[in-house]
Amino acid sequence: MKINVNRVELLVSAVQKAQYPNTVVPEIALVGRSNVGKSSMINKVLNRRNFARVSATPGKTATINFYNVDNQLTLVDLPGYGYASRSHEEIKKWGDMIEEYLNGRPQLSQVALLVDSRHKPSADDVLMMEWIRHHSEYAIVFATKCDKLSKLKLQENLKAIIETLDLQDGDILIPFSTQQAECVDDFWEFIYGCILDEDDEEDA
């Protein structure tokens with residue numbers, strides 16, 4: 001299987017279940033705190049400059065964005081959580097939106113948690129990891145913005161991420177930077193692994 005990343009389109013920006021696209025291919029959802037770098041990651045791995053909108057304002061993305069990739073995969077960009085400056089009503093609305101998708105989307109193959117490599121994971125990150133662990137055989141974590149750290153500091157912070165999120169054998173932690181081409185290969189290796197796992201389950 002080979003995915004052509006040049007064949008991509010935004011299917012829909014949804015705020016409720018009725019707006020989700022009617023697709024059958026596996027979905028990989030990216031979730032994390034506001035401004036953790038989900039949109040930047042999508043642009044990088046799809047080799048597009050401004051395909052996914054990158055906002056300088058944390059908490060700006062308020063929709064679930066579905067990106068069709070070569071009719072073989074859908075990348076799903078979930079709204080960022082944990083931005084304190086939003087009202088309680090907005091935070092609850094976004095939380096309900098995320099929960100509705102995560103708990104009711106049969107196409108969902110894997111949820112990848114993005115955390116900022118420069119900081120210790122937040123309480124919200126820990127809660128999201130607990131959800132992922134409850135619903136998945138293993139956890140996938142991308143530590144973003146790792147180019148902003150020295151190699152020594154990155155290793156220290158990766159250890160803190162492992163400890164805070166209680167990552168276990170079988171879980172996967174991938175440092176990611178939009179400045180490093182090899183990170184794109186690491187991302188697609190993860191994607192192909194998820195899709196192959198899905199195919200194996202269907203053949204079983």
# chains A, B, ... in the order shown; residues from 1 in each chain; ligands from 1

call {"tool": "closest_atom_pairs", "arguments": {"of": "stretch 9-68 of chain A", "to": "stretch 103-120 of chain A", "cutoff": "7 Å", "atoms": "only C-alpha atoms", "output": "JSON lines"}}
result
{"residue": "A:Val24", "atom": "CA", "partner": "A:Gln107", "partner_atom": "CA", "distance": 6.4}
{"residue": "A:Val25", "atom": "CA", "partner": "A:Gln107", "partner_atom": "CA", "distance": 6.7}
{"residue": "A:Pro26", "atom": "CA", "partner": "A:Gln107", "partner_atom": "CA", "distance": 5.3}
{"residue": "A:Glu27", "atom": "CA", "partner": "A:Leu108", "partner_atom": "CA", "distance": 4.7}
{"residue": "A:Ile28", "atom": "CA", "partner": "A:Gln110", "partner_atom": "CA", "distance": 5.1}
{"residue": "A:Ala29", "atom": "CA", "partner": "A:Val111", "partner_atom": "CA", "distance": 4.7}
{"residue": "A:Leu30", "atom": "CA", "partner": "A:Ala112", "partner_atom": "CA", "distance": 5.1}
{"residue": "A:Val31", "atom": "CA", "partner": "A:Leu113", "partner_atom": "CA", "distance": 5.1}
{"residue": "A:Gly32", "atom": "CA", "partner": "A:Leu114", "partner_atom": "CA", "distance": 4.9}
{"residue": "A:Val36", "atom": "CA", "partner": "A:Asp116", "partner_atom": "CA", "distance": 5.7}

call {"tool": "write_last_selection", "arguments": {"atoms": "N, CA and C atoms", "output": "PDB file, in the first residue's frame"}}
result
ATOM      1  N   VAL A  24     -15.652   5.480   4.505  1.00  0.00           N
ATOM      2  CA  VAL A  24     -15.435   4.136   5.051  1.00  0.00           C
ATOM      3  C   VAL A  24     -13.960   3.871   5.341  1.00  0.00           C
ATOM      4  N   VAL A  25     -13.072   4.778   4.950  1.00  0.00           N
ATOM      5  CA  VAL A  25     -11.634   4.551   5.146  1.00  0.00           C
ATOM      6  C   VAL A  25     -11.258   4.826   6.603  1.00  0.00           C
ATOM      7  N   PRO A  26     -10.111   4.304   7.062  1.00  0.00           N
ATOM      8  CA  PRO A  26      -9.683   4.542   8.448  1.00  0.00           C
ATOM      9  C   PRO A  26      -9.443   6.021   8.716  1.00  0.00           C
ATOM     10  N   GLU A  27      -9.739   6.417   9.948  1.00  0.00           N
ATOM     11  CA  GLU A  27      -9.475   7.789  10.376  1.00  0.00           C
ATOM     12  C   GLU A  27      -8.431   7.795  11.487  1.00  0.00           C
ATOM     13  N   ILE A  28      -7.459   8.692  11.352  1.00  0.00           N
ATOM     14  CA  ILE A  28      -6.456   8.920  12.383  1.00  0.00           C
ATOM     15  C   ILE A  28      -6.706  10.314  12.944  1.00  0.00           C
ATOM     16  N   ALA A  29      -7.022  10.395  14.227  1.00  0.00           N
ATOM     17  CA  ALA A  29      -7.338  11.682  14.845  1.00  0.00           C
ATOM     18  C   ALA A  29      -6.120  12.219  15.585  1.00  0.00           C
ATOM     19  N   LEU A  30      -5.868  13.508  15.400  1.00  0.00           N
ATOM     20  CA  LEU A  30      -4.793  14.203  16.110  1.00  0.00           C
ATOM     21  C   LEU A  30      -5.416  15.083  17.175  1.00  0.00           C
ATOM     22  N   VAL A  31      -4.969  14.918  18.403  1.00  0.00           N
ATOM     23  CA  VAL A  31      -5.562  15.652  19.509  1.00  0.00           C
ATOM     24  C   VAL A  31      -4.455  16.185  20.406  1.00  0.00           C
ATOM     25  N   GLY A  32      -4.715  17.332  21.035  1.00  0.00           N
ATOM     26  CA  GLY A  32      -3.720  17.918  21.927  1.00  0.00           C
ATOM     27  C   GLY A  32      -4.156  19.296  22.381  1.00  0.00           C
ATOM     28  N   VAL A  36      -0.481  23.312  20.090  1.00  0.00           N
ATOM     29  CA  VAL A  36       0.547  22.274  20.212  1.00  0.00           C
ATOM     30  C   VAL A  36       1.184  21.965  18.867  1.00  0.00           C
TER      31      VAL A  36
END

call {"tool": "select_by_dssp", "arguments": {"residues": "chain A", "states": "alpha helix (DSSP H)", "output": "compact mmCIF listing (two decimals) with N, CA and C atoms, in the first residue's frame"}}
result
# COMPACT_ATOMS: atom_id res chain seq x y z
N LYS A 38 -0.85 20.87 15.78
CA LYS A 38 -1.54 19.89 14.94
C LYS A 38 -1.63 20.34 13.49
N SER A 39 -2.04 21.59 13.27
CA SER A 39 -2.18 22.09 11.90
C SER A 39 -0.83 22.15 11.20
N SER A 40 0.21 22.55 11.92
CA SER A 40 1.55 22.61 11.33
C SER A 40 2.02 21.21 10.94
N MET A 41 1.71 20.22 11.78
CA MET A 41 2.08 18.85 11.46
C MET A 41 1.37 18.39 10.19
N ILE A 42 0.08 18.66 10.09
CA ILE A 42 -0.68 18.25 8.91
C ILE A 42 -0.09 18.87 7.66
N ASN A 43 0.21 20.16 7.71
CA ASN A 43 0.81 20.82 6.55
C ASN A 43 2.15 20.18 6.17
N LYS A 44 2.93 19.84 7.17
CA LYS A 44 4.26 19.26 6.91
C LYS A 44 4.16 17.88 6.28
N VAL A 45 3.35 17.01 6.87
CA VAL A 45 3.31 15.62 6.38
C VAL A 45 2.59 15.51 5.04
N HIS A 88 -16.25 29.39 30.02
CA HIS A 88 -16.64 28.05 30.46
C HIS A 88 -17.59 27.42 29.45
N GLU A 89 -18.49 28.21 28.89
CA GLU A 89 -19.45 27.69 27.91
C GLU A 89 -18.74 27.20 26.66
N GLU A 90 -17.76 27.97 26.19
CA GLU A 90 -17.00 27.56 25.00
C GLU A 90 -16.20 26.30 25.26
N ILE A 91 -15.57 26.25 26.43
CA ILE A 91 -14.76 25.08 26.78
C ILE A 91 -15.63 23.83 26.84
N LYS A 92 -16.82 23.94 27.44
CA LYS A 92 -17.73 22.79 27.53
C LYS A 92 -18.20 22.37 26.13
N LYS A 93 -18.50 23.35 25.29
CA LYS A 93 -18.97 23.05 23.93
C LYS A 93 -17.90 22.28 23.17
N TRP A 94 -16.65 22.74 23.28
CA TRP A 94 -15.56 22.06 22.57
C TRP A 94 -15.33 20.67 23.14
N GLY A 95 -15.43 20.55 24.47
CA GLY A 95 -15.26 19.25 25.11
C GLY A 95 -16.32 18.26 24.65
N ASP A 96 -17.56 18.72 24.57
CA ASP A 96 -18.65 17.87 24.10
C ASP A 96 -18.43 17.46 22.64
N MET A 97 -17.92 18.40 21.83
CA MET A 97 -17.67 18.13 20.42
C MET A 97 -16.62 17.03 20.26
N ILE A 98 -15.54 17.15 21.02
CA ILE A 98 -14.48 16.15 20.95
C ILE A 98 -14.98 14.80 21.44
N GLU A 99 -15.70 14.80 22.56
CA GLU A 99 -16.18 13.55 23.14
C GLU A 99 -17.16 12.85 22.20
N GLU A 100 -18.03 13.62 21.55
CA GLU A 100 -18.99 13.03 20.62
C GLU A 100 -18.28 12.31 19.48
N TYR A 101 -17.22 12.94 18.97
CA TYR A 101 -16.47 12.29 17.88
C TYR A 101 -15.74 11.05 18.39
N LEU A 102 -15.00 11.18 19.46
CA LEU A 102 -14.17 10.08 19.94
C LEU A 102 -14.99 8.85 20.32
N ASN A 103 -16.16 9.07 20.89
CA ASN A 103 -16.95 7.95 21.39
C ASN A 103 -17.96 7.40 20.39
N GLY A 104 -18.15 8.10 19.25
CA GLY A 104 -19.21 7.66 18.36
C GLY A 104 -18.83 7.55 16.90
N ALA A 123 -2.45 18.30 32.94
CA ALA A 123 -3.47 17.41 33.49
C ALA A 123 -4.45 16.98 32.40
N ASP A 124 -4.76 17.89 31.47
CA ASP A 124 -5.65 17.55 30.35
C ASP A 124 -5.01 16.49 29.45
N ASP A 125 -3.69 16.60 29.24
CA ASP A 125 -2.98 15.59 28.45
C ASP A 125 -3.06 14.22 29.12
N VAL A 126 -2.92 14.21 30.44
CA VAL A 126 -2.99 12.95 31.19
C VAL A 126 -4.38 12.33 31.06
N LEU A 127 -5.42 13.17 31.16
CA LEU A 127 -6.79 12.67 31.00
C LEU A 127 -7.02 12.11 29.61
N MET A 128 -6.51 12.80 28.59
CA MET A 128 -6.66 12.31 27.22
C MET A 128 -5.92 10.99 27.05
N MET A 129 -4.74 10.88 27.65
CA MET A 129 -4.00 9.62 27.57
C MET A 129 -4.78 8.47 28.22
N GLU A 130 -5.46 8.76 29.30
CA GLU A 130 -6.26 7.73 29.95
C GLU A 130 -7.38 7.25 29.03
N TRP A 131 -8.00 8.20 28.30
CA TRP A 131 -9.04 7.81 27.35
C TRP A 131 -8.45 6.95 26.25
N ILE A 132 -7.32 7.37 25.69
CA ILE A 132 -6.67 6.61 24.61
C ILE A 132 -6.33 5.20 25.08
N ARG A 133 -5.78 5.11 26.28
CA ARG A 133 -5.38 3.80 26.79
C ARG A 133 -6.59 2.89 27.00
N HIS A 134 -7.72 3.48 27.36
CA HIS A 134 -8.93 2.69 27.58
C HIS A 134 -9.51 2.16 26.28
N HIS A 135 -9.28 2.89 25.17
CA HIS A 135 -9.92 2.54 23.90
C HIS A 135 -8.96 1.94 22.87
N LYS A 151 19.77 18.64 22.16
CA LYS A 151 19.61 17.19 22.21
C LYS A 151 19.50 16.70 23.66
N LEU A 152 20.34 17.28 24.54
CA LEU A 152 20.32 16.86 25.94
C LEU A 152 18.99 17.22 26.59
N LYS A 153 18.52 18.45 26.37
CA LYS A 153 17.26 18.89 26.96
C LYS A 153 16.09 18.10 26.40
N LEU A 154 16.14 17.77 25.11
CA LEU A 154 15.07 16.98 24.51
C LEU A 154 14.98 15.61 25.17
N GLN A 155 16.12 14.98 25.39
CA GLN A 155 16.11 13.67 26.04
C GLN A 155 15.55 13.76 27.45
N GLU A 156 15.89 14.82 28.18
CA GLU A 156 15.35 15.01 29.53
C GLU A 156 13.83 15.17 29.47
N ASN A 157 13.36 15.97 28.52
CA ASN A 157 11.94 16.23 28.43
C ASN A 157 11.17 15.01 27.94
N LEU A 158 11.76 14.23 27.04
CA LEU A 158 11.10 13.01 26.59
C LEU A 158 10.93 12.04 27.76
N LYS A 159 11.92 11.98 28.62
CA LYS A 159 11.81 11.14 29.82
C LYS A 159 10.67 11.61 30.71
N ALA A 160 10.53 12.94 30.85
CA ALA A 160 9.45 13.50 31.67
C ALA A 160 8.09 13.19 31.05
N ILE A 161 8.01 13.21 29.72
CA ILE A 161 6.77 12.88 29.02
C ILE A 161 6.39 11.42 29.28
N ILE A 162 7.39 10.53 29.17
CA ILE A 162 7.15 9.11 29.41
C ILE A 162 6.64 8.88 30.83
N GLU A 163 7.25 9.55 31.79
CA GLU A 163 6.87 9.36 33.19
C GLU A 163 5.50 9.97 33.48
N THR A 164 5.25 11.18 32.98
CA THR A 164 3.99 11.87 33.29
C THR A 164 2.80 11.16 32.66
N ALA A 181 13.08 16.78 8.01
CA ALA A 181 12.42 15.95 7.00
C ALA A 181 12.19 14.52 7.49
N GLU A 182 13.12 14.00 8.30
CA GLU A 182 12.98 12.62 8.74
C GLU A 182 11.75 12.41 9.62
N CYS A 183 11.27 13.49 10.23
CA CYS A 183 10.07 13.38 11.06
C CYS A 183 8.85 13.03 10.22
N VAL A 184 8.84 13.47 8.97
CA VAL A 184 7.73 13.13 8.06
C VAL A 184 7.72 11.62 7.83
N ASP A 185 8.89 11.03 7.62
CA ASP A 185 8.99 9.58 7.44
C ASP A 185 8.50 8.86 8.68
N ASP A 186 8.84 9.37 9.85
CA ASP A 186 8.38 8.76 11.10
C ASP A 186 6.86 8.80 11.20
N PHE A 187 6.29 9.92 10.78
CA PHE A 187 4.83 10.06 10.82
C PHE A 187 4.16 9.02 9.93
N TRP A 188 4.63 8.90 8.70
CA TRP A 188 3.98 7.97 7.77
C TRP A 188 4.25 6.52 8.14
N GLU A 189 5.36 6.25 8.79
CA GLU A 189 5.59 4.90 9.29
C GLU A 189 4.52 4.54 10.32
N PHE A 190 4.18 5.50 11.18
CA PHE A 190 3.10 5.31 12.14
C PHE A 190 1.77 5.09 11.44
N ILE A 191 1.48 5.91 10.41
CA ILE A 191 0.22 5.80 9.68
C ILE A 191 0.08 4.43 9.03
N TYR A 192 1.12 4.00 8.32
CA TYR A 192 1.06 2.70 7.65
C TYR A 192 0.89 1.57 8.67
N GLY A 193 1.52 1.71 9.83
CA GLY A 193 1.34 0.71 10.87
C GLY A 193 -0.11 0.61 11.33
N CYS A 194 -0.75 1.76 11.49
CA CYS A 194 -2.16 1.77 11.90
C CYS A 194 -3.04 1.13 10.85
N ILE A 195 -2.81 1.47 9.58
CA ILE A 195 -3.65 0.94 8.50
C ILE A 195 -3.44 -0.55 8.34
N LEU A 196 -2.20 -1.01 8.45
CA LEU A 196 -1.93 -2.44 8.33
C LEU A 196 -2.57 -3.21 9.48
N ASP A 197 -2.53 -2.63 10.68
CA ASP A 197 -3.20 -3.26 11.82
C ASP A 197 -4.68 -3.39 11.56
N GLU A 198 -5.27 -2.36 10.95
CA GLU A 198 -6.70 -2.35 10.63
C GLU A 198 -7.00 -3.46 9.62
N ASP A 199 -6.15 -3.59 8.60
CA ASP A 199 -6.34 -4.62 7.58
C ASP A 199 -6.24 -6.02 8.18
N ASP A 200 -5.28 -6.19 9.11
CA ASP A 200 -5.11 -7.50 9.75
C ASP A 200 -6.35 -7.88 10.55
N GLU A 201 -6.97 -6.90 11.23
CA GLU A 201 -8.18 -7.17 12.01
C GLU A 201 -9.32 -7.58 11.10
N GLU A 202 -9.44 -6.93 9.92
CA GLU A 202 -10.52 -7.26 9.00
C GLU A 202 -10.33 -8.64 8.40
N ASP A 203 -9.06 -9.06 8.20
CA ASP A 203 -8.79 -10.36 7.60
C ASP A 203 -8.91 -11.50 8.61

call {"tool": "residues_around", "arguments": {"residues": "A:Gly170", "least_positions_apart": "4", "cutoff": "10 Å", "atoms": "only C-alpha atoms", "output": "PyMOL selection string"}}
result
chain A and resi 137-140

call {"tool": "write_last_selection", "arguments": {"atoms": "C-alpha atoms", "output": "PDB file, in the first residue's frame"}}
result
ATOM      1  CA  GLU A 137      -4.249  -1.400  22.390  1.00  0.00           C
ATOM      2  CA  TYR A 138      -1.358   1.044  22.533  1.00  0.00           C
ATOM      3  CA  ALA A 139      -0.732   4.779  22.756  1.00  0.00           C
ATOM      4  CA  ILE A 140       0.885   7.033  20.168  1.00  0.00           C
TER       5      ILE A 140
END

call {"tool": "closest_residue", "arguments": {"among": "A:Leu149, A:Ile174, A:Leu11, A:Leu167", "to": "A:Ala52", "atoms": "only C-alpha atoms"}}
result
A:Leu11

call {"tool": "select_by_dssp", "arguments": {"residues": "stretch 29-178 of chain A", "states": "strand (DSSP E or B)", "output": "ChimeraX atom specification"}}
result
/A:29-33,64-69,73-77,81,108-116,140-144,172-175

call {"tool": "closest_residue", "arguments": {"among": "A:Tyr67, A:Val141, A:Leu10, A:Ala62", "to": "A:Tyr81", "atoms": "only C-alpha atoms"}}
result
A:Ala62

call {"tool": "closest_residue", "arguments": {"among": "A:Leu165, A:Val69, A:Thr144, A:Gln16", "to": "A:Arg33", "atoms": "only C-alpha atoms"}}
result
A:Thr144

call {"tool": "atom_distance", "arguments": {"atom1": "atom CA of A:Asn65", "atom2": "atom CA of A:Phe176"}}
result
21.0 Å

call {"tool": "closest_residue", "arguments": {"among": "A:Thr63, A:Gln168, A:Val5, A:Gln179", "to": "A:Pro79", "atoms": "only C-alpha atoms"}}
result
A:Thr63

call {"tool": "closest_residue", "arguments": {"among": "A:Thr178, A:Gln19, A:Ser122, A:Asn71", "to": "A:Asp147", "atoms": "only C-alpha atoms"}}
result
A:Thr178

call {"tool": "atom_distance", "arguments": {"atom1": "atom CA of A:Ile3", "atom2": "atom CA of A:Val76"}}
result
16.3 Å

call {"tool": "closest_residue", "arguments": {"among": "A:Ser136, A:Ala18, A:Leu173, A:Asn68", "to": "A:Phe51", "atoms": "only C-alpha atoms"}}
result
A:Asn68

call {"tool": "residues_around", "arguments": {"residues": "A:Asn6", "least_positions_apart": "3", "cutoff": "10 Å", "atoms": "only C-alpha atoms", "output": "ChimeraX atom specification"}}
result
/A:3,9,46-48,69-70

call {"tool": "atom_distance", "arguments": {"atom1": "atom CA of A:Ile172", "atom2": "atom CA of A:Phe142"}}
result
8.4 Å
